[in-house]
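Pasting entry.cif here (mmCIF, C-alpha atoms):
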```cif
data_data
#
loop_
_atom_site.label_atom_id
_atom_site.label_comp_id
_atom_site.auth_asym_id
_atom_site.auth_seq_id
_atom_site.Cartn_x
_atom_site.Cartn_y
_atom_site.Cartn_z
CA MET A 1 61.84 134.44 133.60
CA THR A 2 62.43 137.17 136.15
CA ILE A 3 58.72 137.85 136.49
CA GLY A 4 57.99 134.15 137.02
CA ALA A 5 60.69 133.92 139.68
CA PHE A 6 59.28 136.99 141.40
CA LYS A 7 55.81 135.50 141.46
CA ARG A 8 57.18 132.23 142.88
CA VAL A 9 58.94 134.10 145.68
CA ARG A 10 55.71 135.96 146.51
CA VAL A 11 53.78 132.66 146.61
CA LEU A 12 56.37 131.11 148.95
CA GLU A 13 56.29 134.20 151.18
CA ALA A 14 52.51 133.90 151.39
CA MET A 15 52.79 130.17 152.14
CA ALA A 16 55.19 130.88 155.00
CA MET A 17 52.76 133.42 156.46
CA PHE A 18 50.00 130.82 156.53
CA ALA A 19 51.99 127.73 157.45
CA ASP A 20 48.92 125.95 158.83
CA THR A 21 47.39 125.98 155.34
CA VAL A 22 50.29 124.29 153.51
CA PRO A 23 52.29 121.13 154.26
CA THR A 24 55.42 121.50 156.38
CA LEU A 25 58.58 119.40 155.94
CA GLN A 26 60.91 118.95 158.89
CA PHE A 27 63.12 116.49 160.75
CA SER A 28 61.12 114.26 163.09
CA SER A 29 63.51 115.11 165.94
CA PRO A 30 65.95 117.96 166.65
CA ALA A 31 68.75 115.39 167.13
CA PHE A 32 69.41 111.76 166.19
CA ASN A 33 71.91 109.69 168.16
CA THR A 34 73.62 106.58 166.78
CA PRO A 35 76.81 104.93 168.00
CA GLU A 36 79.51 104.87 165.33
CA GLY A 37 80.65 101.40 166.38
CA ASP A 38 83.68 99.46 165.25
CA GLY A 39 82.55 98.65 161.74
CA PRO A 40 80.22 99.77 158.98
CA GLY A 41 76.67 100.65 159.95
CA ASN A 42 73.96 103.20 159.28
CA ALA A 43 72.33 106.13 161.00
CA PHE A 44 68.67 106.65 160.16
CA VAL A 45 67.08 110.08 159.95
CA THR A 46 63.37 110.71 159.41
CA VAL A 47 61.80 113.69 157.65
CA THR A 48 58.09 114.26 158.20
CA ARG A 49 55.35 116.05 156.28
CA THR A 50 52.55 117.57 158.33
CA GLY A 51 49.71 119.92 157.51
CA PRO A 52 46.18 119.90 156.14
CA ALA A 53 45.09 116.29 155.54
CA ASN A 54 43.36 117.17 152.26
CA LEU A 55 46.58 118.62 150.81
CA ILE A 56 48.79 115.78 152.04
CA ALA A 57 46.36 113.26 150.55
CA SER A 58 46.31 114.93 147.14
CA THR A 59 49.69 116.59 146.54
CA THR A 60 53.34 115.75 146.02
CA ALA A 61 56.09 117.67 147.84
CA THR A 62 59.86 117.57 147.47
CA VAL A 63 62.83 118.76 149.51
CA GLN A 64 66.60 118.42 149.19
CA PHE A 65 68.37 116.61 152.06
CA ALA A 66 72.12 116.82 152.68
CA THR A 67 74.75 116.04 155.30
CA GLY A 68 77.61 118.41 155.94
CA GLY A 69 79.26 120.38 158.67
CA GLY A 70 79.53 119.20 162.23
CA THR A 71 82.52 117.63 163.93
CA ALA A 72 82.39 114.20 162.22
CA THR A 73 84.59 113.70 159.14
CA PRO A 74 82.90 112.82 155.83
CA GLY A 75 84.63 110.57 153.32
CA THR A 76 84.92 106.97 152.26
CA SER A 77 88.11 105.75 153.93
CA GLY A 78 90.87 106.57 156.39
CA ALA A 79 89.74 108.86 159.20
CA ALA A 80 86.26 109.29 157.73
CA ASP A 81 83.34 108.78 160.11
CA TYR A 82 80.49 108.73 157.59
CA THR A 83 79.75 108.92 153.86
CA ALA A 84 78.32 112.29 152.82
CA THR A 85 74.74 111.96 151.61
CA SER A 86 72.64 114.27 149.45
CA GLN A 87 69.36 113.44 147.76
CA ALA A 88 65.97 114.76 146.78
CA LEU A 89 63.12 113.42 148.90
CA THR A 90 59.75 113.17 147.18
CA PHE A 91 56.61 112.73 149.26
CA GLY A 92 53.81 111.27 147.14
CA PRO A 93 50.12 111.82 147.86
CA GLY A 94 49.37 110.53 151.36
CA GLN A 95 53.02 110.03 152.38
CA THR A 96 53.90 111.64 155.70
CA SER A 97 57.45 110.44 156.36
CA LYS A 98 60.67 109.45 154.63
CA THR A 99 63.65 107.74 156.26
CA ILE A 100 67.17 108.41 155.03
CA SER A 101 70.11 106.10 155.68
CA ILE A 102 73.52 107.69 156.32
CA PRO A 103 76.39 105.18 155.99
CA LEU A 104 78.68 105.14 159.04
CA LEU A 105 82.28 103.98 158.69
CA GLY A 106 83.01 102.88 162.26
CA ASP A 107 86.57 102.30 163.37
CA PHE A 108 88.48 101.13 166.43
CA THR A 109 89.63 104.64 167.37
CA LEU A 110 88.46 106.00 170.73
CA GLU A 111 86.93 109.39 169.99
CA PRO A 112 84.65 111.87 171.75
CA ASP A 113 81.08 112.13 170.49
CA GLU A 114 80.90 113.74 167.05
CA ALA A 115 78.09 115.41 165.14
CA VAL A 116 76.98 115.26 161.50
CA GLY A 117 75.22 118.37 160.21
CA LEU A 118 71.88 117.79 158.47
CA SER A 119 69.98 120.18 156.25
CA LEU A 120 66.73 120.48 154.33
CA THR A 121 66.59 123.00 151.50
CA SER A 122 64.63 123.87 148.38
CA PRO A 123 61.13 122.76 149.39
CA PHE A 124 58.56 122.48 146.61
CA ASP A 125 54.82 122.57 147.41
CA ALA A 126 55.66 122.80 151.13
CA VAL A 127 57.46 125.01 153.62
CA LEU A 128 60.27 124.08 155.99
CA GLY A 129 59.35 123.72 159.66
#
```
Rewrite the coordinates I just gave you, this time as structure tokens.
Amino acid sequence: MTIGAFKRVRVLEAMAMFADTVPTLQFSSPAFNTPEGDGPGNAFVTVTRTGPANLIASTTATVQFATGGGTATPGTSGAADYTATSQALTFGPGQTSKTISIPLLGDFTLEPDEAVGLSLTSPFDAVLG
């Protein structure tokens, strides 16, 4: 097992060195803005896959998406601003984008702008951009 893990790390290091030869997964924008509002709603975040067309057309890639951190409060009731979201995103052959919905729990409280942290981790058959 250790040898296999070592080889996988070496492959990923090589992939990162030649990022234009492997698909890249990243958020479509450095920031997404959505008003919280006074009732339930959703924020939509898009993750894109770019890279060599032949690889995108013929391969599957996955990445883990999660919310967390930032100044907004996660939860499901009370002072919560949004529902924490975590999921694996799988890009099938030919797919170049995935949209994720983050449930917002709007309220009638006047608040300054808040931020929800977003992360992509654990890419498979791709690198993070």
Matched chain/residue IDs from the PyMOL selection byres ((chain A and resi 69-74) around 6), as a tab-separated table (two decimals) with C-alpha atoms, in the frame of the given file:
```tsv
chain	number	residue	atom	x	y	z
A	68	GLY	CA	77.61	118.41	155.94
A	75	GLY	CA	84.63	110.57	153.32
A	80	ALA	CA	86.26	109.29	157.73
A	81	ASP	CA	83.34	108.78	160.11
A	82	TYR	CA	80.49	108.73	157.59
A	83	THR	CA	79.75	108.92	153.86
A	84	ALA	CA	78.32	112.29	152.82
A	114	GLU	CA	80.90	113.74	167.05
A	115	ALA	CA	78.09	115.41	165.14
A	116	VAL	CA	76.98	115.26	161.50
A	117	GLY	CA	75.22	118.37	160.21
```
| said: Expand the PyMOL selection byres ((chain A and resi 127) around 7) into the explicit residue set it covers here, and present it as a list in words. | reply: Ala16, Pro23, Thr24, Leu25, Pro123, Ala126, Leu128 and Gly129 of chain A
For A:Phe108: contacts at 12 Å, all atoms listed in the file, fewer than 5 positions along chain excluded, given as a PDB file with C-alpha atoms, in the frame of the given file:
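Final file, selection_34.pdb:
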```
ATOM      1  CA  GLU A  36      79.510 104.870 165.330  1.00  0.00           C
ATOM      2  CA  GLY A  37      80.650 101.400 166.380  1.00  0.00           C
ATOM      3  CA  ASP A  38      83.680  99.460 165.250  1.00  0.00           C
ATOM      4  CA  GLY A  39      82.550  98.650 161.740  1.00  0.00           C
ATOM      5  CA  PRO A  40      80.220  99.770 158.980  1.00  0.00           C
ATOM      6  CA  GLY A  78      90.870 106.570 156.390  1.00  0.00           C
ATOM      7  CA  ALA A  79      89.740 108.860 159.200  1.00  0.00           C
ATOM      8  CA  ASP A  81      83.340 108.780 160.110  1.00  0.00           C
TER       9      ASP A  81
END
```
| message | Can you measure atom CA of A:Leu118 to atom CA of A:Val47 for me? One decimal in Å is fine. | response |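 Value for the atom CA of A:Leu118-atom CA of A:Val47 distance: 10.9 Å.
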| query | So which residues get picked by the PyMOL selection byres ((chain A and resi 120) around 7) here, written as a count of residues only? | reply | 6
| query | Pick from A:Pro35, A:Thr46, A:Ser58, A:Phe27: nearest to A:Glu111, with all atoms listed in the file counted? | reply | A:Pro35
| message | Please list as a list in words every residue within 9 Å of stretch 51-53 of chain A, counting all atoms listed in the file and excluding residues in the same chain fewer than 2 positions away. | response |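 Close residues of stretch 51-53 of chain A: Ala19, Asp20, Thr21, Val22, Pro23, Thr24, Arg49, Leu55, Ile56, Ala57, Ser58 and Gly94 of chain A.
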| So how many Å separate atom CA of A:Ala43 and atom CA of A:Thr59, to one decimal? | 28.8 Å
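The interatomic distance for the pair atom CA of A:Phe32 and atom CA of A:Ala61 works out to 23.4 Å.
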Regenerate stretch 90-111 of chain A at the level of N, CA, C and O atoms and dump it as a CSV table (one decimal), in the frame of the given file.
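Output saved as part08.csv:
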```csv
chain,number,residue,atom,x,y,z
A,90,THR,N,61.1,112.9,147.8
A,90,THR,CA,59.8,113.2,147.2
A,90,THR,C,58.7,112.5,148.0
A,90,THR,O,58.7,111.2,148.2
A,91,PHE,N,57.7,113.2,148.5
A,91,PHE,CA,56.6,112.7,149.3
A,91,PHE,C,55.4,112.7,148.3
A,91,PHE,O,55.0,113.7,147.8
A,92,GLY,N,55.0,111.5,148.0
A,92,GLY,CA,53.8,111.3,147.1
A,92,GLY,C,52.5,111.6,147.9
A,92,GLY,O,52.5,111.7,149.1
A,93,PRO,N,51.4,111.6,147.2
A,93,PRO,CA,50.1,111.8,147.9
A,93,PRO,C,49.9,110.8,149.0
A,93,PRO,O,50.1,109.6,148.9
A,94,GLY,N,49.6,111.4,150.2
A,94,GLY,CA,49.4,110.5,151.4
A,94,GLY,C,50.6,110.2,152.2
A,94,GLY,O,50.5,109.7,153.3
A,95,GLN,N,51.8,110.4,151.6
A,95,GLN,CA,53.0,110.0,152.4
A,95,GLN,C,53.3,111.1,153.4
A,95,GLN,O,53.3,112.3,153.1
A,96,THR,N,53.6,110.7,154.6
A,96,THR,CA,53.9,111.6,155.7
A,96,THR,C,55.3,111.5,156.3
A,96,THR,O,55.7,112.3,157.1
A,97,SER,N,56.1,110.5,155.9
A,97,SER,CA,57.4,110.4,156.4
A,97,SER,C,58.4,109.7,155.4
A,97,SER,O,57.9,108.9,154.6
A,98,LYS,N,59.6,110.1,155.4
A,98,LYS,CA,60.7,109.4,154.6
A,98,LYS,C,61.9,109.2,155.6
A,98,LYS,O,62.2,110.1,156.3
A,99,THR,N,62.5,108.0,155.5
A,99,THR,CA,63.6,107.7,156.3
A,99,THR,C,64.9,107.7,155.4
A,99,THR,O,64.8,107.0,154.3
A,100,ILE,N,65.9,108.3,155.8
A,100,ILE,CA,67.2,108.4,155.0
A,100,ILE,C,68.2,107.6,155.8
A,100,ILE,O,68.3,107.7,157.0
A,101,SER,N,69.0,106.9,155.1
A,101,SER,CA,70.1,106.1,155.7
A,101,SER,C,71.4,106.8,155.4
A,101,SER,O,71.7,107.2,154.3
A,102,ILE,N,72.2,107.1,156.5
A,102,ILE,CA,73.5,107.7,156.3
A,102,ILE,C,74.6,106.6,156.7
A,102,ILE,O,74.6,106.2,157.8
A,103,PRO,N,75.4,106.2,155.7
A,103,PRO,CA,76.4,105.2,156.0
A,103,PRO,C,77.4,105.7,157.0
A,103,PRO,O,78.0,106.7,156.8
A,104,LEU,N,77.6,104.9,158.0
A,104,LEU,CA,78.7,105.1,159.0
A,104,LEU,C,79.9,104.2,158.8
A,104,LEU,O,79.7,103.1,158.4
A,105,LEU,N,81.1,104.7,159.0
A,105,LEU,CA,82.3,104.0,158.7
A,105,LEU,C,83.1,103.6,160.0
A,105,LEU,O,84.3,103.8,160.0
A,106,GLY,N,82.4,103.2,161.0
A,106,GLY,CA,83.0,102.9,162.3
A,106,GLY,C,84.4,102.4,162.2
A,106,GLY,O,84.9,101.8,161.2
A,107,ASP,N,85.2,102.7,163.3
A,107,ASP,CA,86.6,102.3,163.4
A,107,ASP,C,86.9,101.9,164.8
A,107,ASP,O,86.0,101.9,165.7
A,108,PHE,N,88.1,101.6,165.1
A,108,PHE,CA,88.5,101.1,166.4
A,108,PHE,C,89.1,102.3,167.2
A,108,PHE,O,89.8,102.0,168.2
A,109,THR,N,89.0,103.5,166.7
A,109,THR,CA,89.6,104.6,167.4
A,109,THR,C,88.7,105.2,168.5
A,109,THR,O,87.5,105.4,168.2
A,110,LEU,N,89.2,105.4,169.7
A,110,LEU,CA,88.5,106.0,170.7
A,110,LEU,C,88.4,107.5,170.5
A,110,LEU,O,89.4,108.2,170.3
A,111,GLU,N,87.1,108.0,170.3
A,111,GLU,CA,86.9,109.4,170.0
A,111,GLU,C,85.8,109.9,170.9
A,111,GLU,O,84.9,109.2,171.3
```
